[in-house]
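Text of the file my_file01.cif, holding mmCIF, N, CA and C atoms:
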```
data_input
loop_
_atom_site.label_atom_id
_atom_site.label_comp_id
_atom_site.auth_asym_id
_atom_site.auth_seq_id
_atom_site.Cartn_x
_atom_site.Cartn_y
_atom_site.Cartn_z
N MET A 220 53.07 142.34 -183.32
CA MET A 220 53.08 141.71 -182.00
C MET A 220 53.58 142.72 -180.97
N GLY A 221 53.06 142.64 -179.77
CA GLY A 221 53.44 143.58 -178.72
C GLY A 221 54.83 143.29 -178.17
N LYS A 222 55.35 144.25 -177.48
CA LYS A 222 56.68 144.13 -176.88
C LYS A 222 56.62 143.22 -175.65
N PHE A 223 57.58 142.31 -175.56
CA PHE A 223 57.66 141.42 -174.42
C PHE A 223 58.52 142.04 -173.32
N THR A 224 58.09 141.83 -172.08
CA THR A 224 58.90 142.18 -170.92
C THR A 224 59.37 140.86 -170.33
N ARG A 225 60.68 140.58 -170.43
CA ARG A 225 61.23 139.29 -170.00
C ARG A 225 61.76 139.37 -168.58
N GLN A 226 61.49 138.30 -167.82
CA GLN A 226 61.97 138.17 -166.44
C GLN A 226 62.69 136.83 -166.32
N HIS A 227 63.94 136.86 -165.93
CA HIS A 227 64.66 135.60 -165.67
C HIS A 227 64.25 135.10 -164.29
N THR A 228 64.24 133.78 -164.14
CA THR A 228 63.78 133.20 -162.89
C THR A 228 64.87 132.35 -162.24
N ASN A 229 64.67 132.02 -160.99
CA ASN A 229 65.58 131.09 -160.30
C ASN A 229 64.90 129.73 -160.14
N SER A 230 63.94 129.46 -161.00
CA SER A 230 63.18 128.22 -160.96
C SER A 230 64.00 127.07 -161.54
N SER A 231 63.82 125.87 -161.01
CA SER A 231 64.50 124.70 -161.56
C SER A 231 63.78 124.18 -162.80
N MET A 232 62.60 124.73 -163.08
CA MET A 232 61.79 124.29 -164.22
C MET A 232 61.75 125.32 -165.35
N ILE A 233 61.80 126.61 -164.98
CA ILE A 233 61.58 127.69 -165.94
C ILE A 233 62.78 128.65 -165.93
N THR A 234 63.37 128.86 -167.11
CA THR A 234 64.52 129.76 -167.24
C THR A 234 64.08 131.21 -167.20
N SER A 235 63.04 131.53 -168.01
CA SER A 235 62.56 132.91 -168.03
C SER A 235 61.11 132.94 -168.51
N ILE A 236 60.45 134.05 -168.18
CA ILE A 236 59.09 134.28 -168.63
C ILE A 236 59.05 135.67 -169.25
N ALA A 237 58.20 135.82 -170.27
CA ALA A 237 58.04 137.12 -170.93
C ALA A 237 56.56 137.32 -171.18
N TYR A 238 56.15 138.58 -171.11
CA TYR A 238 54.73 138.88 -171.26
C TYR A 238 54.55 140.14 -172.10
N SER A 239 53.55 140.12 -172.97
CA SER A 239 53.16 141.29 -173.74
C SER A 239 51.78 141.74 -173.28
N GLN A 240 51.68 142.93 -172.72
CA GLN A 240 50.39 143.48 -172.30
C GLN A 240 49.49 143.72 -173.49
N THR A 241 50.08 144.09 -174.63
CA THR A 241 49.31 144.41 -175.83
C THR A 241 48.56 143.20 -176.37
N THR A 242 49.26 142.06 -176.46
CA THR A 242 48.67 140.87 -177.07
C THR A 242 48.21 139.83 -176.05
N LYS A 243 48.52 140.06 -174.76
CA LYS A 243 48.20 139.11 -173.68
C LYS A 243 48.81 137.74 -173.94
N VAL A 244 50.06 137.75 -174.46
CA VAL A 244 50.78 136.51 -174.72
C VAL A 244 51.87 136.34 -173.66
N LEU A 245 51.90 135.14 -173.07
CA LEU A 245 52.93 134.77 -172.11
C LEU A 245 53.87 133.80 -172.81
N GLU A 246 55.16 134.09 -172.77
CA GLU A 246 56.16 133.19 -173.35
C GLU A 246 56.98 132.62 -172.20
N ILE A 247 57.15 131.31 -172.21
CA ILE A 247 57.91 130.63 -171.17
C ILE A 247 59.06 129.87 -171.81
N VAL A 248 60.28 130.09 -171.28
CA VAL A 248 61.45 129.34 -171.70
C VAL A 248 61.73 128.34 -170.58
N PHE A 249 61.59 127.06 -170.92
CA PHE A 249 61.79 126.00 -169.93
C PHE A 249 63.25 125.59 -169.87
N CYS A 250 63.67 125.13 -168.70
CA CYS A 250 65.06 124.71 -168.50
C CYS A 250 65.44 123.57 -169.45
N HIS A 251 64.47 122.74 -169.83
CA HIS A 251 64.76 121.62 -170.75
C HIS A 251 64.94 122.12 -172.18
N GLY A 252 64.74 123.41 -172.42
CA GLY A 252 65.02 123.99 -173.72
C GLY A 252 63.83 124.41 -174.55
N GLY A 253 62.65 123.94 -174.26
CA GLY A 253 61.48 124.31 -175.05
C GLY A 253 61.02 125.72 -174.75
N ILE A 254 60.51 126.38 -175.77
CA ILE A 254 59.93 127.72 -175.62
C ILE A 254 58.49 127.64 -176.10
N TYR A 255 57.56 128.07 -175.23
CA TYR A 255 56.14 127.99 -175.53
C TYR A 255 55.47 129.33 -175.28
N GLU A 256 54.42 129.60 -176.07
CA GLU A 256 53.60 130.79 -175.85
C GLU A 256 52.20 130.37 -175.46
N TYR A 257 51.61 131.16 -174.57
CA TYR A 257 50.25 130.94 -174.09
C TYR A 257 49.46 132.20 -174.36
N GLN A 258 48.30 132.06 -175.01
CA GLN A 258 47.47 133.19 -175.43
C GLN A 258 46.43 133.55 -174.36
N ASN A 259 45.95 134.78 -174.40
CA ASN A 259 44.85 135.27 -173.56
C ASN A 259 45.15 135.19 -172.06
N ILE A 260 46.38 135.50 -171.70
CA ILE A 260 46.79 135.55 -170.30
C ILE A 260 46.57 136.98 -169.80
N GLU A 261 45.74 137.13 -168.81
CA GLU A 261 45.50 138.46 -168.25
C GLU A 261 46.75 138.95 -167.50
N GLN A 262 46.93 140.26 -167.48
CA GLN A 262 48.10 140.84 -166.81
C GLN A 262 48.16 140.42 -165.34
N GLU A 263 47.02 140.36 -164.68
CA GLU A 263 46.99 139.95 -163.27
C GLU A 263 47.54 138.54 -163.10
N THR A 264 47.21 137.64 -164.02
CA THR A 264 47.73 136.27 -163.96
C THR A 264 49.24 136.26 -164.14
N PHE A 265 49.72 137.04 -165.11
CA PHE A 265 51.17 137.13 -165.31
C PHE A 265 51.86 137.68 -164.07
N GLU A 266 51.32 138.73 -163.48
CA GLU A 266 51.95 139.33 -162.30
C GLU A 266 51.98 138.36 -161.13
N THR A 267 50.89 137.61 -160.95
CA THR A 267 50.86 136.61 -159.89
C THR A 267 51.90 135.52 -160.16
N PHE A 268 51.99 135.08 -161.41
CA PHE A 268 52.98 134.09 -161.82
C PHE A 268 54.39 134.62 -161.57
N ASN A 269 54.66 135.83 -162.00
CA ASN A 269 55.97 136.44 -161.86
C ASN A 269 56.38 136.58 -160.39
N ASN A 270 55.40 136.81 -159.52
CA ASN A 270 55.69 137.00 -158.09
C ASN A 270 55.57 135.72 -157.26
N ALA A 271 55.20 134.63 -157.91
CA ALA A 271 55.01 133.37 -157.19
C ALA A 271 56.32 132.87 -156.59
N GLU A 272 56.24 132.36 -155.38
CA GLU A 272 57.42 131.79 -154.73
C GLU A 272 57.94 130.60 -155.54
N SER A 273 57.01 129.78 -156.04
CA SER A 273 57.37 128.65 -156.90
C SER A 273 56.69 128.82 -158.26
N LYS A 274 57.49 129.21 -159.24
CA LYS A 274 56.92 129.40 -160.58
C LYS A 274 56.48 128.07 -161.19
N GLY A 275 57.22 127.00 -160.90
CA GLY A 275 56.85 125.69 -161.41
C GLY A 275 55.51 125.23 -160.86
N LYS A 276 55.28 125.44 -159.58
CA LYS A 276 54.01 125.05 -158.97
C LYS A 276 52.86 125.89 -159.53
N PHE A 277 53.07 127.20 -159.66
CA PHE A 277 52.03 128.06 -160.22
C PHE A 277 51.73 127.64 -161.65
N PHE A 278 52.77 127.40 -162.43
CA PHE A 278 52.57 126.96 -163.81
C PHE A 278 51.75 125.68 -163.87
N ASN A 279 52.11 124.70 -163.06
CA ASN A 279 51.44 123.40 -163.09
C ASN A 279 49.99 123.45 -162.62
N THR A 280 49.64 124.43 -161.77
CA THR A 280 48.26 124.49 -161.26
C THR A 280 47.40 125.53 -161.95
N GLU A 281 48.00 126.63 -162.43
CA GLU A 281 47.21 127.74 -162.96
C GLU A 281 47.34 127.99 -164.46
N ILE A 282 48.40 127.52 -165.07
CA ILE A 282 48.59 127.80 -166.50
C ILE A 282 48.47 126.52 -167.33
N ARG A 283 49.25 125.51 -167.01
CA ARG A 283 49.25 124.27 -167.80
C ARG A 283 47.84 123.69 -168.00
N PRO A 284 47.02 123.56 -166.94
CA PRO A 284 45.70 122.94 -167.16
C PRO A 284 44.66 123.86 -167.81
N LYS A 285 44.92 125.15 -167.88
CA LYS A 285 43.90 126.10 -168.34
C LYS A 285 44.16 126.73 -169.71
N PHE A 286 45.40 126.67 -170.18
CA PHE A 286 45.76 127.33 -171.44
C PHE A 286 46.51 126.36 -172.36
N THR A 287 46.20 126.43 -173.64
CA THR A 287 46.84 125.56 -174.63
C THR A 287 48.10 126.24 -175.14
N PRO A 288 49.23 125.54 -175.06
CA PRO A 288 50.49 126.15 -175.51
C PRO A 288 50.66 126.09 -177.02
N SER A 289 51.47 127.00 -177.49
CA SER A 289 51.89 127.02 -178.88
C SER A 289 53.41 126.95 -178.84
N LYS A 290 54.00 125.91 -179.44
CA LYS A 290 55.44 125.72 -179.36
C LYS A 290 56.14 126.71 -180.28
N VAL A 291 57.08 127.47 -179.73
CA VAL A 291 57.85 128.43 -180.50
C VAL A 291 59.06 127.72 -181.10
N ARG A 292 59.79 126.98 -180.23
CA ARG A 292 60.93 126.16 -180.69
C ARG A 292 61.38 125.23 -179.58
N ASP A 293 62.21 124.27 -179.98
CA ASP A 293 62.74 123.28 -179.01
C ASP A 293 63.83 123.90 -178.18
#
```

Encoded form (C-alpha cells):
Amino acid sequence: MGKFTRQHTNSSMITSIAYSQTTKVLEIVFCHGGIYEYQNIEQETFETFNNAESKGKFFNTEIRPKFTPSKVRD
C-alpha cells in the first residue's frame, strides 16, 4: 500500500484526511469516530477536498454520493 499524507482539519465533521498518490486511496477519520477509505480518488479531487473551505460540504456533495466507502474501523 502507498504512503499516506495525513492532513488534520478544523471541520466539525472530519478529524483528518489522508491520501496515497500511489494507490489513489482517500482515508477519512470522522469526528464521530469512524474511519473509512475511498478508492480511485484522483489527486486533483483530493487537493480540492483538502483546500475546500467546508470539508463536510465537499464530502457530502463530491465524495459521499460518488464513491463507495470501505470501513477501516469504528

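For the atom pair formed by CA of Gln258 (chain A) and CA of Thr280 (chain A), the distance is 16.6 Å, given to one decimal.
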
For this session: On this file, the PyMOL selection byres ((chain A and resi 286) around 8) gives some set of residues; write that set as JSON, numbers by chain.
Result: {"A": [256, 257, 258, 259, 281, 282, 283, 284, 285, 287, 288, 289]}

Exercise. Mind listing as a VMD selection string all residues within 6 Å of (59.9, 137.2, -172.3), counting only C-alpha atoms?
Worked result: chain A and resid 223 to 225 236 to 238 246

Problem set entry | Members of chain A assigned helix (DSSP H, G or I) by DSSP, as a VMD selection string | chain A and resid 262 to 270 274 to 282

Give as a compact mmCIF listing (two decimals) with N, CA and C atoms, keeping the file's coordinate frame every residue, naming chains and numbers as the document does, that has an atom within 8 Å of (57.2, 122.1, -166.4), counting all atoms listed in the file.
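Below you can see out_29.txt, which holds the result:
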```txt
# COMPACT_ATOMS: atom_id res chain seq x y z
N SER A 231 63.82 125.87 -161.01
CA SER A 231 64.50 124.70 -161.56
C SER A 231 63.78 124.18 -162.80
N MET A 232 62.60 124.73 -163.08
CA MET A 232 61.79 124.29 -164.22
C MET A 232 61.75 125.32 -165.35
N ILE A 233 61.80 126.61 -164.98
CA ILE A 233 61.58 127.69 -165.94
C ILE A 233 62.78 128.65 -165.93
N PHE A 249 61.59 127.06 -170.92
CA PHE A 249 61.79 126.00 -169.93
C PHE A 249 63.25 125.59 -169.87
N CYS A 250 63.67 125.13 -168.70
CA CYS A 250 65.06 124.71 -168.50
C CYS A 250 65.44 123.57 -169.45
N LYS A 274 57.49 129.21 -159.24
CA LYS A 274 56.92 129.40 -160.58
C LYS A 274 56.48 128.07 -161.19
N GLY A 275 57.22 127.00 -160.90
CA GLY A 275 56.85 125.69 -161.41
C GLY A 275 55.51 125.23 -160.86
N LYS A 276 55.28 125.44 -159.58
CA LYS A 276 54.01 125.05 -158.97
C LYS A 276 52.86 125.89 -159.53
N PHE A 278 52.77 127.40 -162.43
CA PHE A 278 52.57 126.96 -163.81
C PHE A 278 51.75 125.68 -163.87
N ASN A 279 52.11 124.70 -163.06
CA ASN A 279 51.44 123.40 -163.09
C ASN A 279 49.99 123.45 -162.62
```
